[in-house]
file protein-v1.cif (mmCIF, N, CA and C atoms)
data_entry
loop_
_atom_site.label_atom_id
_atom_site.label_comp_id
_atom_site.auth_asym_id
_atom_site.auth_seq_id
_atom_site.Cartn_x
_atom_site.Cartn_y
_atom_site.Cartn_z
N MET K 1 0.82 -1.20 0.00
CA MET K 1 0.00 0.00 0.00
C MET K 1 0.86 1.26 0.00
N LYS K 2 1.94 1.26 0.80
CA LYS K 2 2.81 2.44 0.88
C LYS K 2 3.54 2.67 -0.45
N VAL K 3 3.92 1.59 -1.13
CA VAL K 3 4.60 1.71 -2.42
C VAL K 3 3.68 2.38 -3.42
N VAL K 4 2.44 1.98 -3.45
CA VAL K 4 1.46 2.57 -4.37
C VAL K 4 1.27 4.05 -4.06
N GLU K 5 1.18 4.41 -2.79
CA GLU K 5 1.01 5.81 -2.40
C GLU K 5 2.21 6.65 -2.81
N LYS K 6 3.44 6.11 -2.59
CA LYS K 6 4.65 6.85 -2.98
C LYS K 6 4.71 7.02 -4.49
N GLN K 7 4.34 5.97 -5.22
CA GLN K 7 4.36 6.06 -6.68
C GLN K 7 3.33 7.10 -7.15
N GLN K 8 2.16 7.11 -6.53
CA GLN K 8 1.13 8.08 -6.89
C GLN K 8 1.61 9.50 -6.59
N ASP K 9 2.26 9.70 -5.43
CA ASP K 9 2.80 11.02 -5.08
C ASP K 9 3.83 11.46 -6.11
N HIS K 10 4.72 10.54 -6.51
CA HIS K 10 5.75 10.85 -7.50
C HIS K 10 5.11 11.23 -8.84
N THR K 11 4.09 10.48 -9.23
CA THR K 11 3.38 10.77 -10.48
C THR K 11 2.73 12.15 -10.43
N ASN K 12 2.13 12.50 -9.31
CA ASN K 12 1.51 13.83 -9.16
C ASN K 12 2.55 14.93 -9.26
N VAL K 13 3.72 14.74 -8.67
CA VAL K 13 4.80 15.73 -8.73
C VAL K 13 5.26 15.91 -10.17
N VAL K 14 5.44 14.80 -10.89
CA VAL K 14 5.88 14.87 -12.29
C VAL K 14 4.85 15.62 -13.12
N HIS K 15 3.57 15.32 -12.96
CA HIS K 15 2.53 16.02 -13.72
C HIS K 15 2.50 17.50 -13.38
N ALA K 16 2.64 17.85 -12.12
CA ALA K 16 2.64 19.26 -11.71
C ALA K 16 3.84 19.98 -12.31
N THR K 17 5.00 19.32 -12.32
CA THR K 17 6.21 19.92 -12.90
C THR K 17 6.04 20.13 -14.39
N LEU K 18 5.48 19.16 -15.10
CA LEU K 18 5.26 19.32 -16.54
C LEU K 18 4.29 20.44 -16.84
N LYS K 19 3.25 20.60 -16.03
CA LYS K 19 2.31 21.71 -16.22
C LYS K 19 3.02 23.04 -16.04
N ASP K 20 3.88 23.14 -15.03
CA ASP K 20 4.63 24.37 -14.79
C ASP K 20 5.55 24.68 -15.96
N LEU K 21 6.21 23.65 -16.52
CA LEU K 21 7.10 23.88 -17.66
C LEU K 21 6.33 24.38 -18.87
N ARG K 22 5.12 23.85 -19.09
CA ARG K 22 4.32 24.33 -20.22
C ARG K 22 3.97 25.80 -20.05
N LYS K 23 3.72 26.21 -18.81
CA LYS K 23 3.40 27.61 -18.56
C LYS K 23 4.59 28.50 -18.87
N LEU K 24 5.81 27.99 -18.66
CA LEU K 24 7.01 28.79 -18.86
C LEU K 24 7.51 28.76 -20.30
N ALA K 25 7.02 27.83 -21.11
CA ALA K 25 7.53 27.67 -22.46
C ALA K 25 7.27 28.92 -23.29
N ARG K 26 8.28 29.33 -24.05
CA ARG K 26 8.18 30.49 -24.92
C ARG K 26 8.56 30.07 -26.33
N LEU K 27 8.01 30.78 -27.29
CA LEU K 27 8.33 30.54 -28.69
C LEU K 27 9.03 31.76 -29.25
N SER K 28 9.91 31.52 -30.20
CA SER K 28 10.56 32.59 -30.94
C SER K 28 10.08 32.47 -32.39
N LEU K 29 9.50 33.54 -32.90
CA LEU K 29 8.94 33.53 -34.24
C LEU K 29 9.60 34.63 -35.07
N ARG K 30 10.11 34.26 -36.23
CA ARG K 30 10.65 35.24 -37.18
C ARG K 30 9.62 35.44 -38.29
N ALA K 31 9.41 36.70 -38.66
CA ALA K 31 8.40 36.98 -39.68
C ALA K 31 8.89 38.06 -40.63
N LYS K 32 8.41 37.97 -41.86
CA LYS K 32 8.65 39.00 -42.88
C LYS K 32 7.38 39.85 -42.94
N ILE K 33 7.54 41.14 -42.70
CA ILE K 33 6.39 42.05 -42.73
C ILE K 33 6.62 43.05 -43.86
N LEU K 34 5.78 42.94 -44.88
CA LEU K 34 5.90 43.81 -46.04
C LEU K 34 4.98 45.01 -45.89
N PRO K 35 5.48 46.21 -46.23
CA PRO K 35 4.63 47.40 -46.18
C PRO K 35 3.72 47.47 -47.40
N THR K 36 2.76 48.37 -47.35
CA THR K 36 1.85 48.55 -48.47
C THR K 36 2.50 49.32 -49.63
N GLY K 37 3.61 50.00 -49.37
CA GLY K 37 4.30 50.76 -50.41
C GLY K 37 5.64 51.28 -49.93
N THR K 38 6.38 51.92 -50.85
CA THR K 38 7.71 52.42 -50.53
C THR K 38 7.68 53.65 -49.63
N GLU K 39 6.56 54.34 -49.60
CA GLU K 39 6.45 55.56 -48.79
C GLU K 39 6.18 55.28 -47.31
N VAL K 40 5.94 54.03 -46.95
CA VAL K 40 5.62 53.67 -45.56
C VAL K 40 6.89 53.62 -44.72
N ASN K 41 6.87 54.26 -43.56
CA ASN K 41 8.00 54.29 -42.64
C ASN K 41 8.01 53.01 -41.81
N LEU K 42 9.01 52.16 -42.03
CA LEU K 42 9.07 50.87 -41.34
C LEU K 42 9.32 51.01 -39.84
N ASP K 43 10.04 52.05 -39.44
CA ASP K 43 10.26 52.28 -38.00
C ASP K 43 8.93 52.57 -37.30
N ASP K 44 8.08 53.36 -37.96
CA ASP K 44 6.76 53.66 -37.39
C ASP K 44 5.90 52.39 -37.30
N ILE K 45 5.97 51.56 -38.32
CA ILE K 45 5.22 50.30 -38.30
C ILE K 45 5.68 49.44 -37.12
N ALA K 46 7.00 49.33 -36.94
CA ALA K 46 7.53 48.51 -35.84
C ALA K 46 7.06 49.05 -34.49
N LYS K 47 7.05 50.37 -34.31
CA LYS K 47 6.58 50.96 -33.06
C LYS K 47 5.10 50.67 -32.83
N LYS K 48 4.31 50.81 -33.88
CA LYS K 48 2.87 50.54 -33.77
C LYS K 48 2.61 49.07 -33.42
N ILE K 49 3.35 48.18 -34.08
CA ILE K 49 3.19 46.75 -33.79
C ILE K 49 3.56 46.46 -32.34
N GLY K 50 4.71 46.96 -31.92
CA GLY K 50 5.19 46.72 -30.56
C GLY K 50 4.23 47.20 -29.49
N SER K 51 3.59 48.34 -29.75
CA SER K 51 2.69 48.91 -28.74
C SER K 51 1.29 48.29 -28.76
N SER K 52 0.95 47.54 -29.81
CA SER K 52 -0.41 46.99 -29.90
C SER K 52 -0.48 45.48 -29.65
N LEU K 53 0.64 44.86 -29.31
CA LEU K 53 0.65 43.41 -29.08
C LEU K 53 -0.04 43.05 -27.77
N LYS K 54 -0.67 41.90 -27.77
CA LYS K 54 -1.39 41.41 -26.59
C LYS K 54 -0.40 40.89 -25.54
N GLU K 55 -0.92 40.64 -24.34
CA GLU K 55 -0.11 40.13 -23.25
C GLU K 55 0.52 38.79 -23.63
N GLY K 56 1.79 38.62 -23.30
CA GLY K 56 2.48 37.37 -23.61
C GLY K 56 3.19 37.38 -24.95
N ILE K 57 3.09 38.49 -25.69
CA ILE K 57 3.75 38.62 -27.00
C ILE K 57 4.57 39.90 -26.99
N THR K 58 5.83 39.80 -27.41
CA THR K 58 6.68 40.98 -27.51
C THR K 58 7.44 40.98 -28.83
N LEU K 59 7.74 42.16 -29.31
CA LEU K 59 8.59 42.32 -30.48
C LEU K 59 10.02 42.41 -29.95
N SER K 60 10.79 41.34 -30.13
CA SER K 60 12.14 41.26 -29.57
C SER K 60 13.11 42.15 -30.30
N LYS K 61 13.10 42.05 -31.62
CA LYS K 61 13.99 42.88 -32.44
C LYS K 61 13.50 42.86 -33.88
N PHE K 62 14.02 43.82 -34.65
CA PHE K 62 13.66 43.85 -36.07
C PHE K 62 14.78 44.53 -36.84
N THR K 63 14.88 44.18 -38.11
CA THR K 63 15.80 44.84 -39.03
C THR K 63 15.04 45.18 -40.30
N LYS K 64 15.52 46.20 -40.99
CA LYS K 64 14.95 46.55 -42.30
C LYS K 64 15.82 45.91 -43.36
N GLU K 65 15.19 45.11 -44.22
CA GLU K 65 15.92 44.37 -45.26
C GLU K 65 15.43 44.79 -46.63
N PRO K 66 16.34 44.92 -47.59
CA PRO K 66 15.91 45.27 -48.95
C PRO K 66 15.21 44.10 -49.64
N LEU K 67 14.17 44.44 -50.40
CA LEU K 67 13.43 43.42 -51.14
C LEU K 67 13.68 43.59 -52.64
N ALA K 68 13.25 44.72 -53.19
CA ALA K 68 13.45 44.99 -54.61
C ALA K 68 13.01 46.41 -54.95
N PHE K 69 13.71 47.03 -55.86
CA PHE K 69 13.32 48.34 -56.42
C PHE K 69 13.02 49.38 -55.33
N GLY K 70 13.87 49.46 -54.32
CA GLY K 70 13.70 50.45 -53.27
C GLY K 70 12.68 50.07 -52.20
N LEU K 71 12.12 48.88 -52.29
CA LEU K 71 11.16 48.42 -51.29
C LEU K 71 11.89 47.62 -50.23
N TYR K 72 11.64 47.95 -48.98
CA TYR K 72 12.21 47.24 -47.84
C TYR K 72 11.11 46.53 -47.07
N TYR K 73 11.48 45.54 -46.28
CA TYR K 73 10.53 44.85 -45.41
C TYR K 73 11.13 44.74 -44.01
N LEU K 74 10.29 44.46 -43.04
CA LEU K 74 10.76 44.22 -41.68
C LEU K 74 11.01 42.74 -41.49
N ASN K 75 12.20 42.41 -41.04
CA ASN K 75 12.52 41.06 -40.61
C ASN K 75 12.40 41.12 -39.09
N ALA K 76 11.27 40.67 -38.57
CA ALA K 76 10.94 40.86 -37.15
C ALA K 76 11.03 39.55 -36.38
N GLU K 77 11.47 39.67 -35.14
CA GLU K 77 11.49 38.51 -34.25
C GLU K 77 10.59 38.80 -33.06
N PHE K 78 9.68 37.87 -32.81
CA PHE K 78 8.73 37.99 -31.72
C PHE K 78 8.97 36.88 -30.70
N ALA K 79 8.72 37.18 -29.44
CA ALA K 79 8.72 36.17 -28.38
C ALA K 79 7.28 36.06 -27.90
N LEU K 80 6.78 34.83 -27.82
CA LEU K 80 5.40 34.66 -27.41
C LEU K 80 5.24 33.40 -26.56
N ASP K 81 4.24 33.44 -25.71
CA ASP K 81 3.94 32.29 -24.87
C ASP K 81 3.47 31.13 -25.74
N ASP K 82 3.86 29.93 -25.35
CA ASP K 82 3.45 28.74 -26.08
C ASP K 82 2.08 28.29 -25.57
N LYS K 83 1.06 29.02 -26.00
CA LYS K 83 -0.30 28.64 -25.62
C LYS K 83 -1.24 28.90 -26.78
N GLU K 84 -2.39 28.29 -26.69
CA GLU K 84 -3.36 28.34 -27.78
C GLU K 84 -3.80 29.79 -28.06
N GLY K 85 -3.85 30.12 -29.34
CA GLY K 85 -4.37 31.41 -29.75
C GLY K 85 -3.33 32.50 -29.91
N GLN K 86 -2.10 32.28 -29.45
CA GLN K 86 -1.07 33.32 -29.53
C GLN K 86 -0.67 33.63 -30.97
N MET K 87 -0.52 32.60 -31.79
CA MET K 87 -0.12 32.82 -33.18
C MET K 87 -1.18 33.62 -33.94
N ASP K 88 -2.44 33.25 -33.75
CA ASP K 88 -3.53 33.97 -34.41
C ASP K 88 -3.60 35.40 -33.92
N SER K 89 -3.41 35.61 -32.62
CA SER K 89 -3.44 36.94 -32.05
C SER K 89 -2.32 37.81 -32.65
N LEU K 90 -1.13 37.23 -32.75
CA LEU K 90 -0.01 37.97 -33.33
C LEU K 90 -0.29 38.35 -34.78
N GLU K 91 -0.70 37.39 -35.57
CA GLU K 91 -0.96 37.67 -36.99
C GLU K 91 -2.06 38.71 -37.17
N ASN K 92 -3.14 38.58 -36.43
CA ASN K 92 -4.25 39.53 -36.55
C ASN K 92 -3.84 40.93 -36.12
N THR K 93 -3.05 41.02 -35.06
CA THR K 93 -2.59 42.32 -34.57
C THR K 93 -1.68 42.99 -35.60
N VAL K 94 -0.74 42.24 -36.14
CA VAL K 94 0.20 42.81 -37.13
C VAL K 94 -0.54 43.23 -38.39
N ARG K 95 -1.43 42.40 -38.89
CA ARG K 95 -2.17 42.74 -40.12
C ARG K 95 -3.08 43.95 -39.93
N ALA K 96 -3.49 44.22 -38.70
CA ALA K 96 -4.39 45.35 -38.43
C ALA K 96 -3.66 46.69 -38.39
N VAL K 97 -2.33 46.67 -38.33
CA VAL K 97 -1.57 47.92 -38.28
C VAL K 97 -1.57 48.58 -39.65
N GLU K 98 -1.88 49.87 -39.65
CA GLU K 98 -1.92 50.62 -40.91
C GLU K 98 -0.53 50.65 -41.54
N GLY K 99 -0.46 50.33 -42.82
CA GLY K 99 0.80 50.30 -43.54
C GLY K 99 1.36 48.90 -43.75
N VAL K 100 0.79 47.92 -43.07
CA VAL K 100 1.24 46.53 -43.23
C VAL K 100 0.48 45.91 -44.40
N GLY K 101 1.23 45.38 -45.37
CA GLY K 101 0.63 44.75 -46.53
C GLY K 101 0.55 43.24 -46.39
N GLU K 102 1.66 42.63 -45.99
CA GLU K 102 1.73 41.17 -45.88
C GLU K 102 2.47 40.78 -44.61
N PHE K 103 2.11 39.60 -44.09
CA PHE K 103 2.77 39.02 -42.91
C PHE K 103 3.07 37.57 -43.23
N GLU K 104 4.35 37.18 -43.20
CA GLU K 104 4.74 35.81 -43.54
C GLU K 104 5.66 35.26 -42.44
N VAL K 105 5.31 34.11 -41.91
CA VAL K 105 6.15 33.46 -40.90
C VAL K 105 7.34 32.80 -41.59
N LEU K 106 8.54 33.16 -41.14
CA LEU K 106 9.76 32.59 -41.72
C LEU K 106 10.29 31.43 -40.90
N GLY K 107 10.05 31.46 -39.61
CA GLY K 107 10.55 30.39 -38.75
C GLY K 107 9.92 30.45 -37.38
N LEU K 108 9.86 29.30 -36.73
CA LEU K 108 9.29 29.20 -35.40
C LEU K 108 10.05 28.17 -34.62
N SER K 109 10.47 28.50 -33.40
CA SER K 109 11.17 27.53 -32.58
C SER K 109 10.85 27.79 -31.11
N ARG K 110 11.03 26.77 -30.31
CA ARG K 110 10.83 26.88 -28.87
C ARG K 110 12.12 27.39 -28.26
N THR K 111 12.03 28.38 -27.39
CA THR K 111 13.22 28.92 -26.75
C THR K 111 13.48 28.17 -25.45
N SER K 112 14.68 28.29 -24.96
CA SER K 112 15.06 27.64 -23.70
C SER K 112 14.26 28.26 -22.57
N VAL K 113 13.94 27.42 -21.61
CA VAL K 113 13.22 27.88 -20.43
C VAL K 113 14.25 28.16 -19.34
N ASP K 114 14.26 29.38 -18.84
CA ASP K 114 15.20 29.77 -17.78
C ASP K 114 14.53 29.55 -16.44
N MET K 115 14.93 28.49 -15.76
CA MET K 115 14.31 28.16 -14.48
C MET K 115 15.16 28.72 -13.35
N LYS K 116 14.51 29.32 -12.36
CA LYS K 116 15.23 29.91 -11.23
C LYS K 116 14.82 29.26 -9.95
#
call {"tool": "encode", "arguments": {"input": "protein-v1.cif", "output": "C-alpha cells"}}
result
Amino acid sequence: MKVVEKQQDHTNVVHATLKDLRKLARLSLRAKILPTGTEVNLDDIAKKIGSSLKEGITLSKFTKEPLAFGLYYLNAEFALDDKEGQMDSLENTVRAVEGVGEFEVLGLSRTSVDMK
C-alpha cells in the first residue's frame, strides 16, 4: 500500500512539474512584414506593432531588409507564450496595423526555459 502511495505522489509531482514547464515555455517567431508601399516608414510600423501586441507577446527585435526596387521589409522577431491562440493573435494584430501589406512566418522555434 505504501509503495502505491509513494508512486502516486511521484506521479503527481511529475505532472505538476510538466504543467509548470508548459506555462514557462516560450516561442521565438521570425516573420517578414511587407509594407503597403515604398512611402511607408518601417520604423513607425515597428513601433505601432510593438505597442499593440497582446499580453504574452513581444517584439524582440527587427531589421529593415531590402526586397526589390527600393522596397524594404521588416525582418521581425517575436517572443510569445506557447499557448493556444497566440499565433492567431499575433498575426491579426500585425495585419491590423496601418501600412502593413503582408505578414509571412519565416521560422518558429521553442526557446530555452530559464528556471530559477
call {"tool": "residues_around", "arguments": {"input": "protein-v1.cif", "residues": "region 27-39 of chain K", "least_positions_apart": "5", "cutoff": "5 Å", "atoms": "all atoms listed in the file", "output": "number ranges by chain"}}
result
K: 73-82, 99-111
call {"tool": "write_last_selection", "arguments": {"input": "protein-v1.cif", "atoms": "N, CA and C atoms", "output": "PDB file, in the frame of the given file"}}
result
ATOM      1  N   TYR K  73      11.480  45.540 -46.280  1.00  0.00           N
ATOM      2  CA  TYR K  73      10.530  44.850 -45.410  1.00  0.00           C
ATOM      3  C   TYR K  73      11.130  44.740 -44.010  1.00  0.00           C
ATOM      4  N   LEU K  74      10.290  44.460 -43.040  1.00  0.00           N
ATOM      5  CA  LEU K  74      10.760  44.220 -41.680  1.00  0.00           C
ATOM      6  C   LEU K  74      11.010  42.740 -41.490  1.00  0.00           C
ATOM      7  N   ASN K  75      12.200  42.410 -41.040  1.00  0.00           N
ATOM      8  CA  ASN K  75      12.520  41.060 -40.610  1.00  0.00           C
ATOM      9  C   ASN K  75      12.400  41.120 -39.090  1.00  0.00           C
ATOM     10  N   ALA K  76      11.270  40.670 -38.570  1.00  0.00           N
ATOM     11  CA  ALA K  76      10.940  40.860 -37.150  1.00  0.00           C
ATOM     12  C   ALA K  76      11.030  39.550 -36.380  1.00  0.00           C
ATOM     13  N   GLU K  77      11.470  39.670 -35.140  1.00  0.00           N
ATOM     14  CA  GLU K  77      11.490  38.510 -34.250  1.00  0.00           C
ATOM     15  C   GLU K  77      10.590  38.800 -33.060  1.00  0.00           C
ATOM     16  N   PHE K  78       9.680  37.870 -32.810  1.00  0.00           N
ATOM     17  CA  PHE K  78       8.730  37.990 -31.720  1.00  0.00           C
ATOM     18  C   PHE K  78       8.970  36.880 -30.700  1.00  0.00           C
ATOM     19  N   ALA K  79       8.720  37.180 -29.440  1.00  0.00           N
ATOM     20  CA  ALA K  79       8.720  36.170 -28.380  1.00  0.00           C
ATOM     21  C   ALA K  79       7.280  36.060 -27.900  1.00  0.00           C
ATOM     22  N   LEU K  80       6.780  34.830 -27.820  1.00  0.00           N
ATOM     23  CA  LEU K  80       5.400  34.660 -27.410  1.00  0.00           C
ATOM     24  C   LEU K  80       5.240  33.400 -26.560  1.00  0.00           C
ATOM     25  N   ASP K  81       4.240  33.440 -25.710  1.00  0.00           N
ATOM     26  CA  ASP K  81       3.940  32.290 -24.870  1.00  0.00           C
ATOM     27  C   ASP K  81       3.470  31.130 -25.740  1.00  0.00           C
ATOM     28  N   ASP K  82       3.860  29.930 -25.350  1.00  0.00           N
ATOM     29  CA  ASP K  82       3.450  28.740 -26.080  1.00  0.00           C
ATOM     30  C   ASP K  82       2.080  28.290 -25.570  1.00  0.00           C
ATOM     31  N   GLY K  99      -0.460  50.330 -42.820  1.00  0.00           N
ATOM     32  CA  GLY K  99       0.800  50.300 -43.540  1.00  0.00           C
ATOM     33  C   GLY K  99       1.360  48.900 -43.750  1.00  0.00           C
ATOM     34  N   VAL K 100       0.790  47.920 -43.070  1.00  0.00           N
ATOM     35  CA  VAL K 100       1.240  46.530 -43.230  1.00  0.00           C
ATOM     36  C   VAL K 100       0.480  45.910 -44.400  1.00  0.00           C
ATOM     37  N   GLY K 101       1.230  45.380 -45.370  1.00  0.00           N
ATOM     38  CA  GLY K 101       0.630  44.750 -46.530  1.00  0.00           C
ATOM     39  C   GLY K 101       0.550  43.240 -46.390  1.00  0.00           C
ATOM     40  N   GLU K 102       1.660  42.630 -45.990  1.00  0.00           N
ATOM     41  CA  GLU K 102       1.730  41.170 -45.880  1.00  0.00           C
ATOM     42  C   GLU K 102       2.470  40.780 -44.610  1.00  0.00           C
ATOM     43  N   PHE K 103       2.110  39.600 -44.090  1.00  0.00           N
ATOM     44  CA  PHE K 103       2.770  39.020 -42.910  1.00  0.00           C
ATOM     45  C   PHE K 103       3.070  37.570 -43.230  1.00  0.00           C
ATOM     46  N   GLU K 104       4.350  37.180 -43.200  1.00  0.00           N
ATOM     47  CA  GLU K 104       4.740  35.810 -43.540  1.00  0.00           C
ATOM     48  C   GLU K 104       5.660  35.260 -42.440  1.00  0.00           C
ATOM     49  N   VAL K 105       5.310  34.110 -41.910  1.00  0.00           N
ATOM     50  CA  VAL K 105       6.150  33.460 -40.900  1.00  0.00           C
ATOM     51  C   VAL K 105       7.340  32.800 -41.590  1.00  0.00           C
ATOM     52  N   LEU K 106       8.540  33.160 -41.140  1.00  0.00           N
ATOM     53  CA  LEU K 106       9.760  32.590 -41.720  1.00  0.00           C
ATOM     54  C   LEU K 106      10.290  31.430 -40.900  1.00  0.00           C
ATOM     55  N   GLY K 107      10.050  31.460 -39.610  1.00  0.00           N
ATOM     56  CA  GLY K 107      10.550  30.390 -38.750  1.00  0.00           C
ATOM     57  C   GLY K 107       9.920  30.450 -37.380  1.00  0.00           C
ATOM     58  N   LEU K 108       9.860  29.300 -36.730  1.00  0.00           N
ATOM     59  CA  LEU K 108       9.290  29.200 -35.400  1.00  0.00           C
ATOM     60  C   LEU K 108      10.050  28.170 -34.620  1.00  0.00           C
ATOM     61  N   SER K 109      10.470  28.500 -33.400  1.00  0.00           N
ATOM     62  CA  SER K 109      11.170  27.530 -32.580  1.00  0.00           C
ATOM     63  C   SER K 109      10.850  27.790 -31.110  1.00  0.00           C
ATOM     64  N   ARG K 110      11.030  26.770 -30.310  1.00  0.00           N
ATOM     65  CA  ARG K 110      10.830  26.880 -28.870  1.00  0.00           C
ATOM     66  C   ARG K 110      12.120  27.390 -28.260  1.00  0.00           C
ATOM     67  N   THR K 111      12.030  28.380 -27.390  1.00  0.00           N
ATOM     68  CA  THR K 111      13.220  28.920 -26.750  1.00  0.00           C
ATOM     69  C   THR K 111      13.480  28.170 -25.450  1.00  0.00           C
TER      70      THR K 111
END
call {"tool": "select_by_dssp", "arguments": {"input": "protein-v1.cif", "residues": "region 10-102 of chain K", "states": "helix (DSSP H, G or I)", "output": "ChimeraX atom specification"}}
result
/K:10-24,42-52,86-96
call {"tool": "closest_residue", "arguments": {"input": "protein-v1.cif", "among": "K:Leu71, K:Glu98, K:Gln86, K:Asp43", "to": "Gly56 (chain K)", "atoms": "only N, CA and C atoms"}}
result
K:Gln86
call {"tool": "atom_distance", "arguments": {"input": "protein-v1.cif", "atom1": "CA of Glu55 (chain K)", "atom2": "CA of Val40 (chain K)"}}
result
26.7 Å
call {"tool": "select_by_dssp", "arguments": {"input": "protein-v1.cif", "residues": "region 10-88 of chain K", "states": "strand (DSSP E)", "output": "PyMOL selection string"}}
result
chain K and resi 26-35+57-68+71-81
call {"tool": "resolve_selection", "arguments": {"input": "protein-v1.cif", "expression": "the PyMOL selection byres (((chain K and resi 93 and name CA) around 10) and name CA)", "output": "PyMOL selection string"}}
result
chain K and resi 48-50+52-54+87-92+94-97
call {"tool": "atom_distance", "arguments": {"input": "protein-v1.cif", "atom1": "atom N of Ile57 (chain K)", "atom2": "CA of Arg26 (chain K)"}}
result
9.5 Å
call {"tool": "atom_distance", "arguments": {"input": "protein-v1.cif", "atom1": "CA of Lys61 (chain K)", "atom2": "atom C of Ala46 (chain K)"}}
result
9.5 Å
